[in-house]
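For reference, final.cif is printed below; it contains mmCIF, N, CA and C atoms.
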```
data_input
#
loop_
_atom_site.label_atom_id
_atom_site.label_comp_id
_atom_site.auth_asym_id
_atom_site.auth_seq_id
_atom_site.Cartn_x
_atom_site.Cartn_y
_atom_site.Cartn_z
N MET Z 31 99.83 33.05 0.44
CA MET Z 31 99.39 33.89 1.55
C MET Z 31 98.52 35.01 0.99
N VAL Z 32 97.49 35.31 1.76
CA VAL Z 32 96.56 36.37 1.37
C VAL Z 32 96.28 37.25 2.59
N PRO Z 33 95.93 38.51 2.38
CA PRO Z 33 95.61 39.36 3.53
C PRO Z 33 94.29 38.95 4.17
N ALA Z 34 94.24 39.04 5.48
CA ALA Z 34 92.99 38.78 6.22
C ALA Z 34 92.21 40.09 6.29
N SER Z 35 90.95 40.05 5.87
CA SER Z 35 90.14 41.27 5.91
C SER Z 35 89.43 41.44 7.25
N GLU Z 36 89.62 40.47 8.15
CA GLU Z 36 89.13 40.55 9.52
C GLU Z 36 89.97 39.59 10.36
N ALA Z 37 89.87 39.69 11.66
CA ALA Z 37 90.62 38.79 12.54
C ALA Z 37 90.14 37.35 12.36
N LEU Z 38 91.08 36.41 12.28
CA LEU Z 38 90.78 35.00 12.12
C LEU Z 38 91.34 34.25 13.33
N ALA Z 39 90.52 33.45 13.98
CA ALA Z 39 90.95 32.68 15.15
C ALA Z 39 91.75 31.46 14.68
N ALA Z 40 92.59 30.94 15.55
CA ALA Z 40 93.32 29.71 15.24
C ALA Z 40 92.34 28.61 14.90
N GLY Z 41 92.56 27.94 13.77
CA GLY Z 41 91.69 26.85 13.33
C GLY Z 41 90.46 27.28 12.57
N ALA Z 42 90.28 28.59 12.36
CA ALA Z 42 89.07 29.09 11.69
C ALA Z 42 88.94 28.60 10.26
N GLN Z 43 87.71 28.31 9.87
CA GLN Z 43 87.38 28.04 8.48
C GLN Z 43 87.27 29.40 7.80
N VAL Z 44 87.87 29.54 6.62
CA VAL Z 44 87.88 30.84 5.96
C VAL Z 44 87.27 30.79 4.57
N ASN Z 45 86.79 31.93 4.15
CA ASN Z 45 86.21 32.14 2.84
C ASN Z 45 87.17 33.05 2.07
N LEU Z 46 87.53 32.66 0.86
CA LEU Z 46 88.36 33.51 0.01
C LEU Z 46 87.45 34.33 -0.87
N TRP Z 47 87.72 35.63 -0.95
CA TRP Z 47 86.86 36.54 -1.70
C TRP Z 47 87.64 37.70 -2.26
N SER Z 48 87.04 38.40 -3.21
CA SER Z 48 87.67 39.56 -3.83
C SER Z 48 87.30 40.80 -3.02
N ASN Z 49 88.26 41.35 -2.34
CA ASN Z 49 88.08 42.54 -1.52
C ASN Z 49 88.64 43.73 -2.30
N GLY Z 50 87.80 44.36 -3.11
CA GLY Z 50 88.28 45.47 -3.94
C GLY Z 50 89.28 45.01 -4.98
N GLY Z 51 89.12 43.78 -5.47
CA GLY Z 51 90.02 43.24 -6.48
C GLY Z 51 91.22 42.50 -5.92
N VAL Z 52 91.33 42.43 -4.59
CA VAL Z 52 92.44 41.74 -3.94
C VAL Z 52 91.92 40.46 -3.29
N LEU Z 53 92.46 39.30 -3.67
CA LEU Z 53 92.07 38.05 -3.03
C LEU Z 53 92.38 38.14 -1.54
N SER Z 54 91.36 37.93 -0.71
CA SER Z 54 91.51 38.09 0.73
C SER Z 54 90.80 36.95 1.46
N ALA Z 55 91.10 36.81 2.74
CA ALA Z 55 90.49 35.77 3.58
C ALA Z 55 89.63 36.43 4.66
N ARG Z 56 88.46 35.83 4.87
CA ARG Z 56 87.56 36.26 5.94
C ARG Z 56 86.94 35.01 6.56
N ASN Z 57 86.30 35.14 7.70
CA ASN Z 57 85.67 33.99 8.35
C ASN Z 57 84.56 33.42 7.48
N ALA Z 58 84.57 32.11 7.29
CA ALA Z 58 83.47 31.44 6.61
C ALA Z 58 82.27 31.49 7.56
N ASP Z 59 81.08 31.43 7.00
CA ASP Z 59 79.89 31.58 7.82
C ASP Z 59 78.71 30.91 7.13
N ALA Z 60 78.09 29.96 7.80
CA ALA Z 60 76.97 29.22 7.20
C ALA Z 60 75.63 29.90 7.38
N SER Z 61 75.57 30.99 8.12
CA SER Z 61 74.26 31.60 8.37
C SER Z 61 73.77 32.36 7.14
N ALA Z 62 72.49 32.20 6.84
CA ALA Z 62 71.89 32.86 5.69
C ALA Z 62 71.99 34.38 5.83
N ALA Z 63 71.95 34.88 7.06
CA ALA Z 63 72.01 36.32 7.29
C ALA Z 63 73.33 36.91 6.82
N ASN Z 64 74.37 36.09 6.79
CA ASN Z 64 75.68 36.56 6.36
C ASN Z 64 76.02 36.11 4.94
N GLY Z 65 75.02 35.70 4.20
CA GLY Z 65 75.23 35.35 2.80
C GLY Z 65 75.82 33.98 2.55
N GLY Z 66 75.93 33.18 3.59
CA GLY Z 66 76.46 31.83 3.41
C GLY Z 66 77.85 31.83 2.82
N LYS Z 67 78.81 32.38 3.52
CA LYS Z 67 80.20 32.44 3.05
C LYS Z 67 80.83 31.06 3.17
N ARG Z 68 80.89 30.31 2.07
CA ARG Z 68 81.38 28.94 2.10
C ARG Z 68 82.83 28.85 2.57
N SER Z 69 83.19 27.72 3.09
CA SER Z 69 84.55 27.48 3.54
C SER Z 69 85.41 27.06 2.35
N ASP Z 70 86.47 27.82 2.12
CA ASP Z 70 87.43 27.49 1.06
C ASP Z 70 88.71 26.91 1.63
N GLY Z 71 88.84 26.89 2.94
CA GLY Z 71 90.04 26.37 3.59
C GLY Z 71 90.05 26.76 5.05
N PHE Z 72 91.22 26.67 5.66
CA PHE Z 72 91.34 27.01 7.08
C PHE Z 72 92.71 27.59 7.37
N VAL Z 73 92.81 28.26 8.52
CA VAL Z 73 94.10 28.74 9.02
C VAL Z 73 94.44 27.94 10.26
N ILE Z 74 95.71 27.73 10.49
CA ILE Z 74 96.11 26.97 11.68
C ILE Z 74 96.28 27.90 12.88
N GLY Z 75 96.92 29.03 12.67
CA GLY Z 75 97.14 29.98 13.76
C GLY Z 75 96.27 31.21 13.60
N ALA Z 76 96.09 31.97 14.66
CA ALA Z 76 95.31 33.20 14.62
C ALA Z 76 96.00 34.21 13.71
N VAL Z 77 95.19 35.02 13.03
CA VAL Z 77 95.69 36.04 12.11
C VAL Z 77 94.95 37.34 12.40
N SER Z 78 95.68 38.42 12.57
CA SER Z 78 95.08 39.73 12.81
C SER Z 78 94.56 40.30 11.50
N SER Z 79 93.55 41.14 11.58
CA SER Z 79 93.03 41.81 10.40
C SER Z 79 94.16 42.60 9.73
N GLY Z 80 94.31 42.42 8.42
CA GLY Z 80 95.35 43.11 7.67
C GLY Z 80 96.65 42.34 7.55
N ALA Z 81 96.83 41.33 8.40
CA ALA Z 81 98.05 40.52 8.33
C ALA Z 81 97.90 39.44 7.26
N SER Z 82 99.02 38.84 6.86
CA SER Z 82 99.00 37.78 5.85
C SER Z 82 98.57 36.46 6.47
N ALA Z 83 97.65 35.79 5.80
CA ALA Z 83 97.14 34.50 6.27
C ALA Z 83 97.57 33.39 5.32
N THR Z 84 98.07 32.30 5.88
CA THR Z 84 98.32 31.10 5.09
C THR Z 84 97.06 30.26 5.18
N VAL Z 85 96.39 30.09 4.04
CA VAL Z 85 95.13 29.35 3.98
C VAL Z 85 95.42 27.96 3.43
N TYR Z 86 95.09 26.94 4.21
CA TYR Z 86 95.26 25.55 3.79
C TYR Z 86 93.96 25.10 3.15
N ARG Z 87 94.04 24.74 1.88
CA ARG Z 87 92.83 24.38 1.15
C ARG Z 87 92.54 22.90 1.19
N SER Z 88 93.55 22.06 1.38
CA SER Z 88 93.34 20.61 1.46
C SER Z 88 94.60 19.95 1.97
N GLY Z 89 94.48 18.66 2.25
CA GLY Z 89 95.65 17.89 2.64
C GLY Z 89 96.10 18.14 4.06
N GLY Z 90 95.77 17.26 4.93
CA GLY Z 90 96.24 17.37 6.30
C GLY Z 90 95.18 17.86 7.25
N PRO Z 91 95.37 17.57 8.51
CA PRO Z 91 94.39 17.95 9.52
C PRO Z 91 94.53 19.42 9.92
N ASN Z 92 93.45 19.95 10.43
CA ASN Z 92 93.44 21.31 10.94
C ASN Z 92 93.92 21.25 12.39
N THR Z 93 95.22 21.40 12.59
CA THR Z 93 95.80 21.29 13.92
C THR Z 93 95.53 22.52 14.80
N GLY Z 94 94.86 23.51 14.24
CA GLY Z 94 94.47 24.68 15.02
C GLY Z 94 93.24 24.42 15.88
N LEU Z 95 92.62 23.25 15.70
CA LEU Z 95 91.44 22.88 16.49
C LEU Z 95 91.81 21.78 17.47
N SER Z 96 91.10 21.72 18.58
CA SER Z 96 91.30 20.64 19.56
C SER Z 96 89.95 20.28 20.17
N GLY Z 97 89.90 19.14 20.83
CA GLY Z 97 88.69 18.72 21.52
C GLY Z 97 87.64 18.11 20.61
N LEU Z 98 88.00 17.80 19.37
CA LEU Z 98 87.05 17.18 18.46
C LEU Z 98 87.15 15.66 18.58
N THR Z 99 86.08 14.96 18.22
CA THR Z 99 86.02 13.51 18.32
C THR Z 99 86.23 12.87 16.96
N VAL Z 100 87.15 11.93 16.88
CA VAL Z 100 87.41 11.21 15.64
C VAL Z 100 86.13 10.52 15.19
N SER Z 101 85.83 10.58 13.92
CA SER Z 101 84.69 9.98 13.23
C SER Z 101 83.36 10.68 13.50
N ALA Z 102 83.36 11.76 14.29
CA ALA Z 102 82.13 12.53 14.50
C ALA Z 102 81.90 13.45 13.31
N ASP Z 103 80.66 13.82 13.07
CA ASP Z 103 80.33 14.76 12.00
C ASP Z 103 80.40 16.18 12.54
N TYR Z 104 81.03 17.06 11.75
CA TYR Z 104 81.11 18.47 12.11
C TYR Z 104 80.66 19.30 10.92
N TYR Z 105 80.14 20.50 11.22
CA TYR Z 105 79.56 21.36 10.20
C TYR Z 105 80.11 22.77 10.37
N LEU Z 106 80.01 23.55 9.30
CA LEU Z 106 80.39 24.95 9.35
C LEU Z 106 79.33 25.71 10.15
N GLY Z 107 79.79 26.46 11.13
CA GLY Z 107 78.89 27.28 11.93
C GLY Z 107 78.99 28.73 11.49
N THR Z 108 79.10 29.62 12.44
CA THR Z 108 79.23 31.05 12.15
C THR Z 108 80.60 31.54 12.58
N GLY Z 109 81.05 32.60 11.97
CA GLY Z 109 82.32 33.21 12.36
C GLY Z 109 83.53 32.31 12.23
N GLY Z 110 83.50 31.38 11.26
CA GLY Z 110 84.64 30.51 11.03
C GLY Z 110 84.72 29.29 11.91
N GLN Z 111 83.75 29.12 12.79
CA GLN Z 111 83.77 28.00 13.73
C GLN Z 111 83.16 26.74 13.14
N VAL Z 112 83.56 25.60 13.70
CA VAL Z 112 82.91 24.33 13.35
C VAL Z 112 82.00 23.96 14.51
N THR Z 113 80.95 23.21 14.21
CA THR Z 113 79.98 22.83 15.21
C THR Z 113 79.50 21.41 14.97
N ALA Z 114 79.08 20.75 16.01
CA ALA Z 114 78.52 19.41 15.88
C ALA Z 114 77.03 19.46 15.54
N THR Z 115 76.45 20.66 15.51
CA THR Z 115 75.03 20.83 15.21
C THR Z 115 74.85 21.11 13.73
N GLN Z 116 74.09 20.25 13.07
CA GLN Z 116 73.85 20.43 11.65
C GLN Z 116 72.98 21.66 11.41
N ASN Z 117 73.33 22.42 10.39
CA ASN Z 117 72.59 23.62 10.05
C ASN Z 117 71.25 23.25 9.42
N THR Z 118 70.25 24.05 9.69
CA THR Z 118 68.95 23.85 9.04
C THR Z 118 68.66 25.10 8.22
N ILE Z 119 68.09 24.87 7.07
CA ILE Z 119 67.74 25.98 6.18
C ILE Z 119 66.24 26.16 6.22
N THR Z 120 65.83 27.39 6.48
CA THR Z 120 64.39 27.69 6.51
C THR Z 120 64.05 28.61 5.36
N ALA Z 121 62.84 28.48 4.89
CA ALA Z 121 62.39 29.32 3.75
C ALA Z 121 61.97 30.68 4.22
#
```

For this file, produce the structure as structure tokens.
Amino acid sequence: MVPASEALAAGAQVNLWSNGGVLSARNADASAANGGKRSDGFVIGAVSSGASATVYRSGGPNTGLSGLTVSADYYLGTGGQVTATQNTITA
């Protein structure tokens, strides 16, 4: 378990980072404007900022998400969300 440095929604993809020397979780974000915070795992339930987050790094489905289609492709969006729209990188 690690502290959440911001609010995390149920099913959010999270980025693990050093927050003043403390391993912490924040929303993963694929947008270049936010530095491309890669997804290191996910949370199943919502977590308030400052609360302890259990980050699942592998093994098992993300049961915090619903309405997804089996065998469809999904991508990291912004703010920890997944999207069916593939990201494009511009120079």

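Among the candidate residues Z:Gly65, Z:Pro33, Z:Gly41, Z:Gly51, the one lying nearest to Ser82 of chain Z is Z:Pro33, with distances computed using all atoms listed in the file.
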
Could you give me, as an MDAnalysis selection string, the residues within 7 Å of Ala76 of chain Z, counting all atoms listed in the file and dropping anything in the same chain fewer than 6 positions from it? chainID Z and resid 37:41

With N, CA and C atoms kept, could you save the residues just selected as a short mmCIF file (atom, residue, chain, number, x, y, z; two decimals), in the frame of the given file?
```
data_model
loop_
_atom_site.label_atom_id
_atom_site.label_comp_id
_atom_site.auth_asym_id
_atom_site.auth_seq_id
_atom_site.Cartn_x
_atom_site.Cartn_y
_atom_site.Cartn_z
N ALA Z 37 89.87 39.69 11.66
CA ALA Z 37 90.62 38.79 12.54
C ALA Z 37 90.14 37.35 12.36
N LEU Z 38 91.08 36.41 12.28
CA LEU Z 38 90.78 35.00 12.12
C LEU Z 38 91.34 34.25 13.33
N ALA Z 39 90.52 33.45 13.98
CA ALA Z 39 90.95 32.68 15.15
C ALA Z 39 91.75 31.46 14.68
N ALA Z 40 92.59 30.94 15.55
CA ALA Z 40 93.32 29.71 15.24
C ALA Z 40 92.34 28.61 14.90
N GLY Z 41 92.56 27.94 13.77
CA GLY Z 41 91.69 26.85 13.33
C GLY Z 41 90.46 27.28 12.57
#
```

Please provide as a compact mmCIF listing (two decimals) with N, CA and C atoms, in the coordinates of the input all residues within 7 Å of Tyr86 of chain Z, with the sequence filter that same-chain residues fewer than 2 positions apart are discarded (counting only C-alpha atoms).
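Output file selection.txt follows:
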```txt
# COMPACT_ATOMS: atom_id res chain seq x y z
N GLY Z 71 88.84 26.89 2.94
CA GLY Z 71 90.04 26.37 3.59
C GLY Z 71 90.05 26.76 5.05
N PHE Z 72 91.22 26.67 5.66
CA PHE Z 72 91.34 27.01 7.08
C PHE Z 72 92.71 27.59 7.37
N VAL Z 73 92.81 28.26 8.52
CA VAL Z 73 94.10 28.74 9.02
C VAL Z 73 94.44 27.94 10.26
N THR Z 84 98.07 32.30 5.88
CA THR Z 84 98.32 31.10 5.09
C THR Z 84 97.06 30.26 5.18
N SER Z 88 93.55 22.06 1.38
CA SER Z 88 93.34 20.61 1.46
C SER Z 88 94.60 19.95 1.97
```

Using atom C of Ala55 of chain Z and atom CA of Ser101 of chain Z as the two end points, give the distance in Å to one decimal. 28.2 Å

Using DSSP secondary structure from the backbone, list all strand (DSSP E) positions within segment 60-103 of chain Z, as JSON, numbers by chain. {"Z": [71, 72, 82, 83]}

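Here atom C of Gly90 of chain Z stands at a distance of 13.1 Å from atom N of Gln43 of chain Z.
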
Chain and number of each residue from the PyMOL selection byres ((chain Z and resi 102-113) around 8), as a list in words: Leu38, Ala39, Gly41, Ala42, Gln43, Val44, Asn45, Arg56, Asn57, Ala58, Asp59, Ala60, Ser61, Ser69, Leu98, Thr99, Val100, Ser101, Ala114, Thr115, Gln116 and Asn117 of chain Z

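Atom C of Val85 of chain Z sits 16.2 Å away from atom N of Asn49 of chain Z.
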
Min atom-atom distance to Ser78 of chain Z from the set Z:Thr93, Z:Ser48, Z:Ser54, Z:Ser35, counting all atoms listed in the file, belongs to Z:Ser35

Write a file for segment 46-77 of chain Z, containing C-alpha atoms (output as an mmCIF file, in the first residue's frame).
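out10.cif written:
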```
data_model
loop_
_atom_site.group_PDB
_atom_site.id
_atom_site.type_symbol
_atom_site.label_atom_id
_atom_site.label_comp_id
_atom_site.auth_asym_id
_atom_site.auth_seq_id
_atom_site.Cartn_x
_atom_site.Cartn_y
_atom_site.Cartn_z
ATOM 1 C CA LEU Z 46 4.015 5.238 -8.979
ATOM 2 C CA TRP Z 47 6.425 8.074 -8.262
ATOM 3 C CA SER Z 48 8.697 9.558 -5.618
ATOM 4 C CA ASN Z 49 6.787 12.311 -3.842
ATOM 5 C CA GLY Z 50 9.469 13.967 -1.717
ATOM 6 C CA GLY Z 51 11.203 10.609 -1.297
ATOM 7 C CA VAL Z 52 7.985 8.718 -0.488
ATOM 8 C CA LEU Z 53 6.691 6.167 -3.018
ATOM 9 C CA SER Z 54 3.207 7.427 -3.883
ATOM 10 C CA ALA Z 55 0.387 6.802 -6.368
ATOM 11 C CA ARG Z 56 -1.128 9.354 -8.733
ATOM 12 C CA ASN Z 57 -3.315 9.121 -11.846
ATOM 13 C CA ALA Z 58 -1.477 7.820 -14.893
ATOM 14 C CA ASP Z 59 -1.782 10.157 -17.854
ATOM 15 C CA ALA Z 60 -0.823 9.666 -21.504
ATOM 16 C CA SER Z 61 -0.990 13.331 -22.464
ATOM 17 C CA ALA Z 62 2.324 14.962 -23.350
ATOM 18 C CA ALA Z 63 1.226 18.084 -21.459
ATOM 19 C CA ASN Z 64 1.295 16.072 -18.233
ATOM 20 C CA GLY Z 65 4.666 14.472 -18.884
ATOM 21 C CA GLY Z 66 3.303 11.121 -19.980
ATOM 22 C CA LYS Z 67 2.856 9.510 -16.555
ATOM 23 C CA ARG Z 68 3.021 5.821 -17.506
ATOM 24 C CA SER Z 69 0.690 3.290 -15.936
ATOM 25 C CA ASP Z 70 2.398 1.147 -13.310
ATOM 26 C CA GLY Z 71 -0.796 -0.542 -12.138
ATOM 27 C CA PHE Z 72 -4.379 0.132 -11.122
ATOM 28 C CA VAL Z 73 -6.652 0.524 -8.108
ATOM 29 C CA ILE Z 74 -9.931 -1.330 -7.806
ATOM 30 C CA GLY Z 75 -11.763 1.057 -5.486
ATOM 31 C CA ALA Z 76 -11.723 4.846 -5.218
ATOM 32 C CA VAL Z 77 -9.007 6.317 -2.984
#
```
